[in-house]
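Data block for coords_29.csv (CSV, C-alpha atoms):
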```
chain,number,residue,atom,x,y,z
V,182,MET,CA,0.0,0.0,0.0
V,183,ALA,CA,1.4,3.4,-0.9
V,184,ALA,CA,1.7,6.3,1.5
V,185,ALA,CA,-0.7,9.3,1.4
V,186,SER,CA,1.7,11.6,-0.4
V,187,ALA,CA,2.9,9.1,-3.0
V,188,THR,CA,1.5,9.0,-6.5
V,189,THR,CA,-0.8,6.2,-7.5
V,190,ALA,CA,-1.8,4.9,-10.9
V,191,VAL,CA,-5.5,5.1,-11.7
V,192,PHE,CA,-7.0,3.3,-14.8
V,193,PHE,CA,-10.0,4.8,-16.6
V,194,GLY,CA,-12.3,3.1,-19.0
V,195,THR,CA,-11.1,0.2,-21.2
V,196,THR,CA,-7.7,1.6,-22.0
V,197,ARG,CA,-4.8,0.5,-19.9
V,198,THR,CA,-2.8,3.8,-19.9
V,199,PRO,CA,-2.3,5.0,-16.3
V,200,CYS,CA,-3.4,8.4,-15.2
V,201,PHE,CA,-1.1,9.5,-12.4
V,202,ARG,CA,-2.7,11.7,-9.7
V,203,ARG,CA,-1.3,13.0,-6.5
V,204,ALA,CA,-3.1,12.1,-3.3
V,205,ASP,CA,-2.7,15.7,-2.0
V,206,ALA,CA,-4.4,17.3,-5.1
V,207,SER,CA,-6.9,19.1,-2.8
V,208,LYS,CA,-4.1,21.2,-1.5
V,209,ARG,CA,-2.9,22.3,-4.9
V,210,PHE,CA,-6.4,22.9,-6.4
V,211,PRO,CA,-8.6,24.7,-3.9
V,212,HIS,CA,-12.4,24.4,-4.2
V,213,PRO,CA,-13.5,27.0,-6.9
V,214,PHE,CA,-16.7,28.1,-5.1
V,215,LYS,CA,-15.1,29.0,-1.7
V,216,ALA,CA,-14.9,32.7,-0.9
V,217,ASN,CA,-11.6,34.5,-0.9
V,218,ALA,CA,-10.0,35.4,2.4
V,219,VAL,CA,-10.7,38.9,3.9
V,220,SER,CA,-8.2,41.3,2.5
V,221,ASP,CA,-6.9,44.6,3.9
V,222,VAL,CA,-9.8,46.4,2.3
V,223,GLY,CA,-12.3,44.6,4.5
V,224,PHE,CA,-14.5,42.7,2.0
V,225,VAL,CA,-14.9,39.2,0.6
V,226,THR,CA,-15.9,38.5,-2.9
V,227,SER,CA,-17.6,35.2,-3.9
V,228,GLN,CA,-16.4,33.6,-7.1
V,229,LEU,CA,-19.8,32.0,-7.7
V,230,SER,CA,-22.0,35.0,-8.1
V,231,GLY,CA,-19.8,38.1,-7.7
V,232,VAL,CA,-21.5,39.2,-4.5
V,233,ARG,CA,-19.4,41.5,-2.4
V,234,ILE,CA,-19.8,41.1,1.4
V,235,SER,CA,-18.2,43.9,3.4
V,236,TYR,CA,-17.8,43.7,7.1
V,237,ASP,CA,-17.5,46.9,9.1
V,238,MET,CA,-15.6,46.4,12.3
V,239,SER,CA,-17.3,49.4,14.1
V,240,SER,CA,-20.9,48.3,13.6
V,241,GLN,CA,-20.4,44.5,13.7
V,242,LEU,CA,-23.0,44.1,10.9
V,243,PRO,CA,-22.1,42.8,7.5
V,244,SER,CA,-23.5,44.5,4.4
V,245,ILE,CA,-24.1,42.8,1.1
V,246,SER,CA,-24.0,44.5,-2.3
V,247,THR,CA,-24.3,43.0,-5.8
V,248,HIS,CA,-23.2,44.0,-9.2
V,249,SER,CA,-25.7,45.9,-11.4
V,250,LEU,CA,-27.8,43.9,-13.7
V,251,PRO,CA,-26.7,43.7,-17.4
V,252,ALA,CA,-28.4,45.9,-19.9
V,253,LEU,CA,-31.6,44.5,-21.4
V,254,LYS,CA,-31.2,42.9,-24.8
V,255,PRO,CA,-33.2,44.4,-27.7
V,256,ILE,CA,-36.4,42.7,-28.7
V,257,VAL,CA,-35.9,40.5,-31.8
V,258,ALA,CA,-38.8,40.4,-34.2
V,259,ARG,CA,-40.0,36.9,-34.7
V,260,ARG,CA,-40.7,35.5,-38.1
V,261,ILE,CA,-44.5,35.4,-37.6
V,262,CYS,CA,-47.1,37.4,-39.4
V,263,PRO,CA,-49.2,39.3,-36.9
V,264,PHE,CA,-52.3,39.5,-39.1
V,265,THR,CA,-52.5,35.9,-40.4
V,266,GLY,CA,-50.5,34.0,-37.7
V,267,LYS,CA,-48.3,32.3,-40.3
V,268,LYS,CA,-45.0,31.0,-39.1
V,269,ALA,CA,-42.1,28.8,-40.2
V,270,ASN,CA,-42.9,25.3,-41.4
V,271,ARG,CA,-40.6,22.4,-40.4
V,272,ALA,CA,-40.0,20.3,-43.5
V,273,ASN,CA,-37.6,17.7,-44.8
V,274,LYS,CA,-34.9,18.5,-47.4
V,275,ILE,CA,-34.6,15.3,-49.5
V,276,SER,CA,-31.4,14.8,-51.3
V,277,PHE,CA,-30.8,12.7,-54.5
V,278,SER,CA,-30.1,9.7,-52.3
V,279,ALA,CA,-33.4,10.2,-50.5
V,280,HIS,CA,-31.5,11.3,-47.3
V,281,LYS,CA,-33.8,13.5,-45.3
V,282,THR,CA,-32.5,16.6,-43.4
V,283,LYS,CA,-34.7,18.9,-41.3
V,284,LYS,CA,-35.1,22.5,-42.6
V,285,LEU,CA,-37.4,25.4,-42.0
V,286,GLN,CA,-39.5,27.0,-44.6
V,287,PHE,CA,-39.9,30.6,-43.5
V,288,VAL,CA,-42.9,32.9,-44.2
V,289,ASN,CA,-42.4,35.5,-46.9
V,290,LEU,CA,-42.4,38.6,-44.6
V,291,GLN,CA,-42.1,42.0,-46.0
V,292,TYR,CA,-41.8,45.5,-44.5
V,293,LYS,CA,-44.6,47.6,-46.1
V,294,ARG,CA,-46.0,51.0,-45.6
V,295,VAL,CA,-49.8,50.7,-45.7
V,296,TRP,CA,-52.2,53.7,-45.8
V,297,TRP,CA,-54.7,53.6,-43.0
V,298,GLU,CA,-57.8,55.6,-44.1
V,299,ALA,CA,-59.4,55.8,-40.6
V,300,GLY,CA,-56.2,57.1,-39.0
V,301,LYS,CA,-55.2,59.3,-42.0
V,302,ARG,CA,-51.6,58.1,-41.9
V,303,PHE,CA,-49.3,55.4,-43.1
V,304,LEU,CA,-48.5,52.3,-41.0
V,305,LYS,CA,-45.1,50.6,-41.4
V,306,LEU,CA,-45.9,46.9,-41.0
V,307,ARG,CA,-44.0,43.6,-41.3
V,308,LEU,CA,-46.5,41.3,-42.8
V,309,SER,CA,-46.7,38.3,-45.1
V,310,THR,CA,-47.5,38.6,-48.7
V,311,LYS,CA,-50.7,36.6,-48.1
V,312,ALA,CA,-51.8,39.2,-45.5
V,313,LEU,CA,-51.0,41.9,-48.0
V,314,LYS,CA,-53.3,40.4,-50.5
V,315,THR,CA,-56.0,40.0,-47.9
V,316,ILE,CA,-55.6,43.7,-46.9
V,317,GLU,CA,-56.0,44.7,-50.5
V,318,LYS,CA,-59.1,42.6,-50.8
V,319,ASN,CA,-60.9,43.3,-47.4
V,320,GLY,CA,-59.3,46.5,-46.1
V,321,ILE,CA,-56.8,47.0,-43.2
V,322,ASP,CA,-59.5,47.7,-40.6
V,323,ALA,CA,-61.3,44.4,-41.2
V,324,VAL,CA,-58.2,42.3,-41.2
V,325,ALA,CA,-56.8,44.0,-38.1
V,326,LYS,CA,-60.2,43.6,-36.3
V,327,LYS,CA,-60.2,39.9,-37.2
V,328,ALA,CA,-56.6,39.4,-35.9
V,329,GLY,CA,-57.3,41.4,-32.7
V,330,ILE,CA,-54.8,44.2,-33.5
V,331,ASP,CA,-55.3,47.7,-32.4
V,332,LEU,CA,-54.0,49.9,-35.2
V,333,ARG,CA,-53.9,53.0,-33.0
V,334,LYS,CA,-51.0,51.5,-31.1
V,335,LEU,CA,-48.9,50.9,-34.2
```

Using structure tokens, write down the structure that the file contains.
Amino acid sequence: MAAASATTAVFFGTTRTPCFRRADASKRFPHPFKANAVSDVGFVTSQLSGVRISYDMSSQLPSISTHSLPALKPIVARRICPFTGKKANRANKISFSAHKTKKLQFVNLQYKRVWWEAGKRFLKLRLSTKALKTIEKNGIDAVAKKAGIDLRKL
């Protein structure tokens, strides 16, 4: 039996190559989630969440402060037509050898300026070509009412 500080061979899996590891590895590699020691400044930072815990010697009460939250990400427009509800279709791309690969068939969305007669102004909309044909046929008020869209908020 080897001593505690000696190296021992450990075998992993089916290969017979040894992986040498020291028994005192915990001393060389400290636990990553433990807090750092109190420095001269008088606060401790946690590596896990970046929380700063400061300890004031005069009041004997610790105070905790966190970093500010990151800025909000911009809203990304989804590829869905708001008027018809059309969205991407999951389909198979079939090669010459009949090998099937998943692909998305996206909706034909276009940015269009549409005149709104009731509001006496243009609306810049991102809609499908099918919705554009429906608006030309029935009018924007009827299509928006059926879809449950308030045109005054656009």

From the list V:Arg271, V:Lys334, V:Lys301, V:Lys311, the nearest residue to V:Asn289 using only C-alpha atoms is V:Lys311

Skip V:Ala328 itself and residues of its chain fewer than 4 positions away, then list as a list in words all residues within 9 Å of it, counting all atoms listed in the file.
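Answer for this query is Pro263, Phe264, Thr265, Gly266, Ala323 and Val324 of chain V.
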
The distance between atom CA of V:Val257 and atom CA of V:Phe287 is 15.8 Å

TODO: For atom CA of V:Gln286 and atom CA of V:Lys326, quote the distance in Å rounded to one decimal.
DONE: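 That distance, rounded to one decimal, is 27.8 Å.
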
Correct to one decimal, the distance atom CA of V:Lys281-atom CA of V:Ser309 is 28.0 Å

Legend entry - Counting all atoms listed in the file, the residue of V:Asp331, V:Arg307, V:Ile261, V:Ala269 that sits nearest V:Arg294: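 Checking each of V:Asp331, V:Arg307, V:Ile261, V:Ala269 against V:Arg294, counting all atoms listed in the file, the winner is V:Arg307.
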